[in-house]
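Asker: Okay, here's the structure, questions in a sec.
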Amino acid sequence: MQKDEFYMQRCIDLARIGRGDVAPNPMVGSVIVFEDKIIGEGYHQFYGKEHAEVNAINNVKDKSLLNKSTIYVSLEPCAHFGKTPPCADLIIKNSFKRVVIGCSDSFAEVSGKGVQKLKDAGIDVKIGVLDKECRDLNKRFFTFHEKKRPYIVLKWAQTKDGFIDKKRKDSIQKINWISSPETKLLVHKWRSEEQGILVGKNTVLKDDPTLTVREMSGKNPVRIILDSQLSIDSSAKVFNYESKTIIFNLLKEDKIDNLEWIKLQNLEVQTILVALYKNNIQSVFVEGGSSTLQSFIDRNLWDEARVIVGETIFEEGVIAPIISKIPTSNFDFSNDTIYIYLNV
């Protein structure tokens, strides 16, 4: 690996530490190098707080070395005032002799402007080092700004014989577990990595889920419920105070505490994605039920699918969603096998 690639990989590794805490901002890492030695490094830790470049510069003990150093950053430095001042200005102020950037920023406020600012200041700029890896790191961010919709991750568990649930013979709320308890922890980790989690009303009526990351440390996603006629009782767990909850419906607009009712013309997938984009939700974990998941698949409006196949056999029940793609990869986890699909 060449030197620039080596230090950029370190930027990527640092950036990943911010996963789940920086959205809707991108994950960014930065490394400062003087005479082939890292003298400072940092990453964007929390939304609204200092960016990676600021933390890396603050991490340097001897600031007199900055004007002789190269700063590496996984994403084009910002050139506008947001919640923090422009990082491009900070780099110029500290007279770095060279800037190496992983990939450009497609966000309109930044795109190309950060690089141009640095070049206009006479700084040697190199861009596109590990470009693919840096874009993949922030695929949620790029999907949101380039496709004008959230990055969609589908997830479900199905039995060995292809069912997602048993047929319900009564109205008793009870989750028919398919995957192992260990896999449940993994799912909670997945939830913590997305901004929103979405289910249809039948999932709430049948299972009364909380849709939080209660069994892992992490940030609860925004709960997004599809309930056209507002038929879910107010006692449902998704209406507790543990996280913000958005209820897409056809009847009313309202906002009370952490609950927000958003009235839409219809609950078609495209309409929902437009509404989520307007609400600045960059990524959504779609957990059910079967018809909700299938609607995203049928309209080809999804980016990843994670299908957990357990050891359980139901013999009859609700048929699992059908995805007409070959898995990109799979791995065993506890007693389950998890298949990953990428819609590329």
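Letters A, B, ... go to the chains of the structure tokens in the order shown; residues in each chain start at 1; ligands are counted from 1 in the same order.
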Could you name the residues that touch Lys174 (chain A) at 9 Å or less, counting only C-alpha atoms, but leaving out those on the same chain fewer than 6 positions away, as a list of chain:residue names?
Answerer: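 Within the cut-off, the hits are A:Lys206, A:Asp207, A:Asp208.
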Asker: Based on the selection just made, write N, CA, C and O atoms of those residues as a short mmCIF file (atom, residue, chain, number, x, y, z; two decimals), in the first residue's frame.
Answerer:
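The result, written out as part-v2.cif:
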data_model
loop_
_atom_site.label_atom_id
_atom_site.label_comp_id
_atom_site.auth_asym_id
_atom_site.auth_seq_id
_atom_site.Cartn_x
_atom_site.Cartn_y
_atom_site.Cartn_z
N LYS A 206 -49.68 -6.78 16.02
CA LYS A 206 -49.43 -8.18 16.33
C LYS A 206 -48.36 -8.38 17.41
O LYS A 206 -48.49 -9.23 18.28
N ASP A 207 -47.27 -7.58 17.33
CA ASP A 207 -46.11 -7.84 18.19
C ASP A 207 -45.91 -6.82 19.31
O ASP A 207 -45.17 -7.09 20.26
N ASP A 208 -46.52 -5.64 19.20
CA ASP A 208 -46.31 -4.53 20.14
C ASP A 208 -44.83 -4.32 20.44
O ASP A 208 -44.39 -4.34 21.59
#
Asker: Got a sec: who's within 10 Å of region 322-330 of chain A, counting only C-alpha atoms, leaving out chain neighbours fewer than 3 positions off, as number ranges by chain?
Answerer: A: 162, 290, 293-294, 297-298, 304-308, 319, 333, 337-343
Asker: Tell me which protein, DNA and RNA residues are within 9 Å of Val204 (chain A), counting only C-alpha atoms, leaving out same-chain ones fewer than 4 positions away, and put them as a PyMOL selection string.
Answerer: chain A and resi 173+199-200+208-210+225+232+236-238
Asker: Name all residues at most 12 Å from region 276-281 of chain A (count only C-alpha atoms; drop same-chain ones fewer than 4 positions away) and give them as JSON, numbers by chain.
Answerer: {"A": [23, 24, 25, 140, 141, 143, 144, 145, 146, 147, 148, 149, 150, 151, 152, 194, 195, 196, 197, 198, 221, 222, 223, 224, 225, 246, 247, 248, 260, 262, 264, 269, 270, 271, 272, 285]}
Asker: Got time to write the residues from that selection, N, CA, C and O atoms, as a short mmCIF file (atom, residue, chain, number, x, y, z; two decimals), in the first residue's frame?
Answerer:
data_model
loop_
_atom_site.label_atom_id
_atom_site.label_comp_id
_atom_site.auth_asym_id
_atom_site.auth_seq_id
_atom_site.Cartn_x
_atom_site.Cartn_y
_atom_site.Cartn_z
N ALA A 23 -24.95 11.28 12.21
CA ALA A 23 -26.01 11.53 11.21
C ALA A 23 -26.88 12.70 11.65
O ALA A 23 -27.16 12.84 12.85
N PRO A 24 -27.32 13.55 10.70
CA PRO A 24 -27.22 13.40 9.24
C PRO A 24 -25.91 13.84 8.63
O PRO A 24 -25.78 13.91 7.42
N ASN A 25 -24.92 14.19 9.46
CA ASN A 25 -23.59 14.48 8.92
C ASN A 25 -22.91 13.19 8.49
O ASN A 25 -23.25 12.10 8.98
N ARG A 140 -24.79 6.07 2.97
CA ARG A 140 -26.06 6.64 3.40
C ARG A 140 -26.12 8.13 3.06
O ARG A 140 -27.11 8.62 2.51
N PHE A 141 -25.07 8.82 3.40
CA PHE A 141 -24.97 10.26 3.13
C PHE A 141 -25.07 10.55 1.63
O PHE A 141 -25.81 11.44 1.19
N THR A 143 -26.27 8.57 -0.82
CA THR A 143 -27.59 8.19 -1.35
C THR A 143 -28.60 9.29 -1.07
O THR A 143 -29.38 9.67 -1.94
N PHE A 144 -28.57 9.82 0.13
CA PHE A 144 -29.51 10.87 0.54
C PHE A 144 -29.37 12.11 -0.34
O PHE A 144 -30.37 12.65 -0.82
N HIS A 145 -28.15 12.55 -0.59
CA HIS A 145 -27.95 13.79 -1.34
C HIS A 145 -28.01 13.59 -2.85
O HIS A 145 -28.38 14.52 -3.57
N GLU A 146 -27.68 12.41 -3.32
CA GLU A 146 -27.66 12.18 -4.77
C GLU A 146 -28.99 11.61 -5.29
O GLU A 146 -29.42 11.95 -6.40
N LYS A 147 -29.65 10.75 -4.50
CA LYS A 147 -30.92 10.16 -4.93
C LYS A 147 -32.13 10.83 -4.29
O LYS A 147 -33.27 10.49 -4.60
N LYS A 148 -31.86 11.76 -3.37
CA LYS A 148 -32.94 12.51 -2.69
C LYS A 148 -33.90 11.57 -1.95
O LYS A 148 -35.11 11.77 -1.95
N ARG A 149 -33.34 10.58 -1.32
CA ARG A 149 -34.12 9.66 -0.49
C ARG A 149 -33.20 9.02 0.54
O ARG A 149 -31.97 9.03 0.38
N PRO A 150 -33.76 8.43 1.60
CA PRO A 150 -32.91 7.75 2.56
C PRO A 150 -32.30 6.47 1.99
O PRO A 150 -32.82 5.88 1.04
N TYR A 151 -31.20 6.04 2.60
CA TYR A 151 -30.61 4.74 2.31
C TYR A 151 -31.49 3.70 3.02
O TYR A 151 -31.76 3.82 4.22
N ILE A 152 -31.94 2.69 2.29
CA ILE A 152 -32.91 1.75 2.83
C ILE A 152 -32.27 0.38 3.08
O ILE A 152 -31.72 -0.25 2.17
N GLU A 194 -28.68 3.17 12.17
CA GLU A 194 -29.55 3.86 11.21
C GLU A 194 -30.31 4.98 11.91
O GLU A 194 -30.56 4.93 13.11
N GLN A 195 -30.69 5.99 11.13
CA GLN A 195 -31.41 7.12 11.70
C GLN A 195 -32.86 6.80 12.02
O GLN A 195 -33.44 7.36 12.96
N GLY A 196 -33.47 5.93 11.21
CA GLY A 196 -34.88 5.61 11.42
C GLY A 196 -35.13 4.12 11.34
O GLY A 196 -34.33 3.35 10.78
N ILE A 197 -36.24 3.69 11.94
CA ILE A 197 -36.67 2.29 11.85
C ILE A 197 -38.15 2.31 11.48
O ILE A 197 -38.94 3.05 12.09
N LEU A 198 -38.54 1.53 10.47
CA LEU A 198 -39.89 1.62 9.92
C LEU A 198 -40.60 0.27 9.97
O LEU A 198 -40.03 -0.76 9.63
N PRO A 221 -33.13 4.75 17.09
CA PRO A 221 -33.54 5.39 15.84
C PRO A 221 -34.90 6.04 15.98
O PRO A 221 -35.67 5.72 16.90
N VAL A 222 -35.20 6.95 15.07
CA VAL A 222 -36.55 7.53 15.01
C VAL A 222 -37.50 6.43 14.55
O VAL A 222 -37.26 5.77 13.54
N ARG A 223 -38.58 6.22 15.29
CA ARG A 223 -39.55 5.18 14.92
C ARG A 223 -40.53 5.74 13.90
O ARG A 223 -41.10 6.82 14.10
N ILE A 224 -40.71 5.02 12.81
CA ILE A 224 -41.58 5.45 11.71
C ILE A 224 -42.66 4.39 11.53
O ILE A 224 -42.37 3.24 11.22
N ILE A 225 -43.89 4.78 11.76
CA ILE A 225 -45.00 3.84 11.72
C ILE A 225 -45.94 4.19 10.57
O ILE A 225 -46.32 5.35 10.40
N ILE A 246 -42.63 8.99 14.40
CA ILE A 246 -43.40 9.62 13.32
C ILE A 246 -44.47 8.63 12.86
O ILE A 246 -44.16 7.46 12.61
N ILE A 247 -45.70 9.10 12.77
CA ILE A 247 -46.80 8.24 12.30
C ILE A 247 -47.29 8.80 10.96
O ILE A 247 -47.94 9.85 10.91
N PHE A 248 -46.96 8.10 9.88
CA PHE A 248 -47.48 8.48 8.57
C PHE A 248 -48.90 7.95 8.44
O PHE A 248 -49.16 6.77 8.69
N GLU A 260 -45.16 12.62 16.36
CA GLU A 260 -45.54 13.51 15.26
C GLU A 260 -46.35 12.73 14.23
O GLU A 260 -45.92 11.70 13.72
N ILE A 262 -47.88 12.77 10.57
CA ILE A 262 -47.69 13.43 9.29
C ILE A 262 -48.68 12.86 8.29
O ILE A 262 -48.69 11.66 8.02
N LEU A 264 -50.17 12.18 4.72
CA LEU A 264 -49.71 12.03 3.35
C LEU A 264 -50.90 11.76 2.43
O LEU A 264 -51.96 11.33 2.89
N VAL A 269 -44.66 3.68 -1.31
CA VAL A 269 -43.25 3.75 -0.91
C VAL A 269 -42.61 5.06 -1.35
O VAL A 269 -41.92 5.71 -0.55
N GLN A 270 -42.82 5.47 -2.58
CA GLN A 270 -42.19 6.69 -3.09
C GLN A 270 -42.64 7.91 -2.29
O GLN A 270 -41.82 8.79 -1.96
N THR A 271 -43.92 7.97 -1.94
CA THR A 271 -44.44 9.09 -1.15
C THR A 271 -43.79 9.12 0.23
O THR A 271 -43.44 10.19 0.74
N ILE A 272 -43.63 7.96 0.83
CA ILE A 272 -43.01 7.85 2.15
C ILE A 272 -41.55 8.31 2.09
O ILE A 272 -41.09 9.05 2.96
N PHE A 285 -34.10 1.61 8.60
CA PHE A 285 -34.06 0.17 8.81
C PHE A 285 -35.50 -0.32 8.75
O PHE A 285 -36.30 -0.03 9.63
#
Asker: Run DSSP on the backbone and tell me which residues of region 49-116 of chain A come out as helix (DSSP H, G or I); list them as a ChimeraX atom specification.
Answerer: /A:52-58,63-68,87-93,113-116
Asker: Just the selected residues (N, CA, C and O atoms), exported as a JSON list (two decimals), in the first residue's frame, please.
Answerer:
[["chain", "number", "residue", "atom", "x", "y", "z"],
["A", 52, "ALA", "N", -13.82, 16.40, 11.91],
["A", 52, "ALA", "CA", -12.61, 15.58, 12.04],
["A", 52, "ALA", "C", -11.34, 16.41, 11.97],
["A", 52, "ALA", "O", -10.40, 16.20, 12.75],
["A", 53, "GLU", "N", -11.29, 17.37, 11.03],
["A", 53, "GLU", "CA", -10.09, 18.18, 10.86],
["A", 53, "GLU", "C", -9.77, 18.99, 12.12],
["A", 53, "GLU", "O", -8.60, 19.12, 12.51],
["A", 54, "VAL", "N", -10.80, 19.53, 12.74],
["A", 54, "VAL", "CA", -10.62, 20.31, 13.96],
["A", 54, "VAL", "C", -10.04, 19.44, 15.06],
["A", 54, "VAL", "O", -9.08, 19.82, 15.75],
["A", 55, "ASN", "N", -10.61, 18.24, 15.23],
["A", 55, "ASN", "CA", -10.14, 17.34, 16.28],
["A", 55, "ASN", "C", -8.71, 16.87, 16.02],
["A", 55, "ASN", "O", -7.92, 16.71, 16.95],
["A", 56, "ALA", "N", -8.38, 16.66, 14.74],
["A", 56, "ALA", "CA", -7.02, 16.23, 14.40],
["A", 56, "ALA", "C", -6.02, 17.34, 14.71],
["A", 56, "ALA", "O", -4.95, 17.09, 15.30],
["A", 57, "ILE", "N", -6.35, 18.57, 14.33],
["A", 57, "ILE", "CA", -5.46, 19.70, 14.60],
["A", 57, "ILE", "C", -5.29, 19.92, 16.11],
["A", 57, "ILE", "O", -4.18, 20.14, 16.61],
["A", 58, "ASN", "N", -6.40, 19.83, 16.84],
["A", 58, "ASN", "CA", -6.34, 19.99, 18.30],
["A", 58, "ASN", "C", -5.50, 18.90, 18.96],
["A", 58, "ASN", "O", -4.98, 19.09, 20.07],
["A", 63, "LYS", "N", 2.10, 22.74, 17.43],
["A", 63, "LYS", "CA", 1.38, 23.36, 16.32],
["A", 63, "LYS", "C", 2.33, 23.99, 15.29],
["A", 63, "LYS", "O", 1.92, 24.28, 14.16],
["A", 64, "SER", "N", 3.59, 24.21, 15.66],
["A", 64, "SER", "CA", 4.54, 24.81, 14.72],
["A", 64, "SER", "C", 4.86, 23.87, 13.56],
["A", 64, "SER", "O", 5.42, 24.29, 12.54],
["A", 65, "LEU", "N", 4.49, 22.59, 13.70],
["A", 65, "LEU", "CA", 4.76, 21.61, 12.64],
["A", 65, "LEU", "C", 3.67, 21.59, 11.56],
["A", 65, "LEU", "O", 3.86, 20.99, 10.50],
["A", 66, "LEU", "N", 2.55, 22.24, 11.83],
["A", 66, "LEU", "CA", 1.41, 22.14, 10.92],
["A", 66, "LEU", "C", 1.73, 22.66, 9.51],
["A", 66, "LEU", "O", 1.31, 22.07, 8.52],
["A", 67, "ASN", "N", 2.48, 23.76, 9.42],
["A", 67, "ASN", "CA", 2.75, 24.32, 8.10],
["A", 67, "ASN", "C", 3.80, 23.53, 7.31],
["A", 67, "ASN", "O", 4.10, 23.86, 6.17],
["A", 68, "LYS", "N", 4.29, 22.46, 7.93],
["A", 68, "LYS", "CA", 5.23, 21.58, 7.23],
["A", 68, "LYS", "C", 4.62, 20.19, 7.04],
["A", 68, "LYS", "O", 5.29, 19.26, 6.62],
["A", 87, "CYS", "N", -14.16, 24.00, 7.57],
["A", 87, "CYS", "CA", -12.89, 23.34, 7.83],
["A", 87, "CYS", "C", -11.83, 23.74, 6.81],
["A", 87, "CYS", "O", -10.64, 23.74, 7.12],
["A", 88, "ALA", "N", -12.26, 24.07, 5.59],
["A", 88, "ALA", "CA", -11.30, 24.52, 4.58],
["A", 88, "ALA", "C", -10.58, 25.78, 5.06],
["A", 88, "ALA", "O", -9.36, 25.91, 4.89],
["A", 89, "ASP", "N", -11.32, 26.69, 5.70],
["A", 89, "ASP", "CA", -10.70, 27.91, 6.23],
["A", 89, "ASP", "C", -9.69, 27.59, 7.32],
["A", 89, "ASP", "O", -8.64, 28.24, 7.41],
["A", 90, "LEU", "N", -10.00, 26.62, 8.16],
["A", 90, "LEU", "CA", -9.10, 26.23, 9.25],
["A", 90, "LEU", "C", -7.79, 25.66, 8.68],
["A", 90, "LEU", "O", -6.70, 25.94, 9.20],
["A", 91, "ILE", "N", -7.91, 24.85, 7.64],
["A", 91, "ILE", "CA", -6.72, 24.26, 7.01],
["A", 91, "ILE", "C", -5.85, 25.36, 6.40],
["A", 91, "ILE", "O", -4.62, 25.35, 6.55],
["A", 92, "ILE", "N", -6.50, 26.32, 5.76],
["A", 92, "ILE", "CA", -5.76, 27.45, 5.18],
["A", 92, "ILE", "C", -5.10, 28.28, 6.27],
["A", 92, "ILE", "O", -3.93, 28.67, 6.16],
["A", 93, "LYS", "N", -5.82, 28.53, 7.35],
["A", 93, "LYS", "CA", -5.29, 29.33, 8.46],
["A", 93, "LYS", "C", -4.04, 28.71, 9.05],
["A", 93, "LYS", "O", -3.11, 29.42, 9.47],
["A", 113, "LYS", "N", -16.37, 23.06, -3.66],
["A", 113, "LYS", "CA", -16.03, 24.38, -3.12],
["A", 113, "LYS", "C", -14.89, 24.32, -2.11],
["A", 113, "LYS", "O", -14.05, 25.23, -2.05],
["A", 114, "GLY", "N", -14.85, 23.22, -1.33],
["A", 114, "GLY", "CA", -13.77, 23.07, -0.36],
["A", 114, "GLY", "C", -12.43, 22.90, -1.06],
["A", 114, "GLY", "O", -11.43, 23.55, -0.70],
["A", 115, "VAL", "N", -12.41, 22.05, -2.07],
["A", 115, "VAL", "CA", -11.18, 21.81, -2.84],
["A", 115, "VAL", "C", -10.72, 23.10, -3.51],
["A", 115, "VAL", "O", -9.54, 23.45, -3.49],
["A", 116, "GLN", "N", -11.66, 23.83, -4.13],
["A", 116, "GLN", "CA", -11.31, 25.07, -4.82],
["A", 116, "GLN", "C", -10.73, 26.11, -3.87],
["A", 116, "GLN", "O", -9.76, 26.81, -4.20]]
Asker: My list of candidates is A:Arg10, A:Lys169, A:Lys97, A:Arg19. Which is closest to Trp190 (chain A) when distances are computed with only C-alpha atoms?
Answerer: A:Arg19
Asker: Any idea what's packed within 10 Å of Ser231 (chain A), counting only C-alpha atoms, ignoring anything in its chain fewer than 6 positions away? Could you give it as a CSV table (one decimal) with N, CA and C atoms, in the first residue's frame?
Answerer:
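Heads up, here's the output in selection15.csv:
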chain,number,residue,atom,x,y,z
A,201,LYS,N,-48.4,-1.0,10.3
A,201,LYS,CA,-49.3,-1.1,11.5
A,201,LYS,C,-49.5,-2.5,12.0
A,202,ASN,N,-49.6,-3.4,11.1
A,202,ASN,CA,-49.8,-4.8,11.5
A,202,ASN,C,-48.7,-5.4,12.4
A,205,LEU,N,-49.6,-4.0,15.8
A,205,LEU,CA,-50.8,-4.6,16.3
A,205,LEU,C,-50.5,-6.0,16.8
A,249,ASN,N,-49.8,8.8,8.1
A,249,ASN,CA,-51.2,8.5,8.0
A,249,ASN,C,-51.9,9.3,7.0
Asker: So how many Å separate CA of Gly102 (chain A) and CA of Cys134 (chain A), to one decimal?
Answerer: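 Atom-to-atom, CA of Gly102 (chain A) to CA of Cys134 (chain A), that is 5.8 Å.
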Asker: Of the residues A:Arg135, A:Lys49, A:Arg299, A:Lys263, which is the one nearest to Glu76 (chain A), using only C-alpha atoms?
Answerer: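 Checking each candidate against Glu76 (chain A), we get A:Arg135 as the closest.
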Asker: So that I can see what lies close to Met27 (chain A), please list as an MDAnalysis selection string the residues with an atom at most 9 Å from it, counting only C-alpha atoms and leaving out residues fewer than 2 positions away in the same chain.
Answerer: chainID A and resid 12 14:19 21:23 25 29 43:45 52 74:75 137:138 141
Asker: Could you tell me which of A:Lys3, A:Lys160, A:Lys126, A:Arg168 comes closest to Val99 (chain A) if we count only C-alpha atoms?
Answerer: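 Closest candidate: A:Lys126.
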Asker: If we count only C-alpha atoms and set the cut-off at 10 Å, which residues sit around Gly317 (chain A), ignoring sequence neighbours fewer than 3 positions away in its own chain? Please answer as a VMD selection string.
Answerer: chain A and resid 161 to 168 314 320
Asker: Compare A:Ile71, A:Val28, A:Leu267, A:Ile256 by their minimum atom-to-atom distance to Ser104 (chain A), counting only C-alpha atoms, and give me the closest one.
Answerer: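 Ranked by minimum distance to Ser104 (chain A), first place goes to A:Val28.
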Asker: Any chance you could list, as a PDB file with C-alpha atoms, in the first residue's frame, the residues in region 75-272 of chain A that come up strand (DSSP E or B) when DSSP is run on the backbone?
Answerer:
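Below you can see out_0.pdb, which holds the result:
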ATOM      1  CA  LEU A  75     -14.152  13.590   2.746  1.00  0.00           C
ATOM      2  CA  ARG A  98      -0.509  19.560   1.359  1.00  0.00           C
ATOM      3  CA  VAL A  99      -4.048  18.175   1.667  1.00  0.00           C
ATOM      4  CA  VAL A 100      -4.988  14.641   0.631  1.00  0.00           C
ATOM      5  CA  ILE A 101      -8.731  13.963   0.285  1.00  0.00           C
ATOM      6  CA  GLY A 102     -10.486  10.611  -0.014  1.00  0.00           C
ATOM      7  CA  CYS A 103     -13.538  11.668  -2.030  1.00  0.00           C
ATOM      8  CA  ASP A 124      -1.183  21.270  -2.951  1.00  0.00           C
ATOM      9  CA  VAL A 125      -4.395  19.212  -3.089  1.00  0.00           C
ATOM     10  CA  LYS A 126      -4.738  15.550  -4.043  1.00  0.00           C
ATOM     11  CA  ILE A 127      -8.219  14.053  -4.249  1.00  0.00           C
ATOM     12  CA  TYR A 151     -30.610   4.742   2.313  1.00  0.00           C
ATOM     13  CA  ILE A 152     -32.912   1.747   2.825  1.00  0.00           C
ATOM     14  CA  VAL A 153     -31.876  -1.386   4.730  1.00  0.00           C
ATOM     15  CA  LEU A 154     -34.432  -4.211   4.738  1.00  0.00           C
ATOM     16  CA  LYS A 155     -34.284  -6.826   7.485  1.00  0.00           C
ATOM     17  CA  TRP A 156     -36.332  -9.853   8.333  1.00  0.00           C
ATOM     18  CA  ALA A 157     -36.004 -13.260   9.941  1.00  0.00           C
ATOM     19  CA  GLN A 158     -37.473 -16.308   8.267  1.00  0.00           C
ATOM     20  CA  PHE A 163     -42.097 -18.203   6.745  1.00  0.00           C
ATOM     21  CA  ILE A 164     -41.765 -14.858   8.516  1.00  0.00           C
ATOM     22  CA  ASP A 165     -44.530 -15.448  11.055  1.00  0.00           C
ATOM     23  CA  GLY A 196     -34.877   5.609  11.419  1.00  0.00           C
ATOM     24  CA  ILE A 197     -36.673   2.291  11.848  1.00  0.00           C
ATOM     25  CA  LEU A 198     -39.885   1.616   9.916  1.00  0.00           C
ATOM     26  CA  VAL A 199     -42.734  -0.869  10.333  1.00  0.00           C
ATOM     27  CA  GLY A 200     -46.317  -1.184   9.142  1.00  0.00           C
ATOM     28  CA  VAL A 222     -36.552   7.529  15.006  1.00  0.00           C
ATOM     29  CA  ARG A 223     -39.554   5.184  14.918  1.00  0.00           C
ATOM     30  CA  ILE A 224     -41.584   5.451  11.710  1.00  0.00           C
ATOM     31  CA  ILE A 225     -45.005   3.838  11.722  1.00  0.00           C
ATOM     32  CA  LEU A 226     -47.307   3.381   8.721  1.00  0.00           C
ATOM     33  CA  THR A 245     -41.968   8.546  16.681  1.00  0.00           C
ATOM     34  CA  ILE A 246     -43.398   9.616  13.321  1.00  0.00           C
ATOM     35  CA  ILE A 247     -46.801   8.242  12.303  1.00  0.00           C
ATOM     36  CA  PHE A 248     -47.479   8.481   8.569  1.00  0.00           C
ATOM     37  CA  ASN A 249     -51.223   8.471   8.016  1.00  0.00           C
ATOM     38  CA  ASP A 254     -50.230  16.924  14.765  1.00  0.00           C
ATOM     39  CA  LYS A 255     -47.283  16.996  17.129  1.00  0.00           C
ATOM     40  CA  ILE A 256     -47.328  16.168  20.843  1.00  0.00           C
ATOM     41  CA  LEU A 259     -44.907  12.022  18.694  1.00  0.00           C
ATOM     42  CA  GLU A 260     -45.536  13.506  15.255  1.00  0.00           C
ATOM     43  CA  TRP A 261     -48.424  12.632  12.942  1.00  0.00           C
ATOM     44  CA  ILE A 262     -47.686  13.431   9.288  1.00  0.00           C
ATOM     45  CA  LYS A 263     -50.567  13.319   6.828  1.00  0.00           C
TER      46      LYS A 263
END
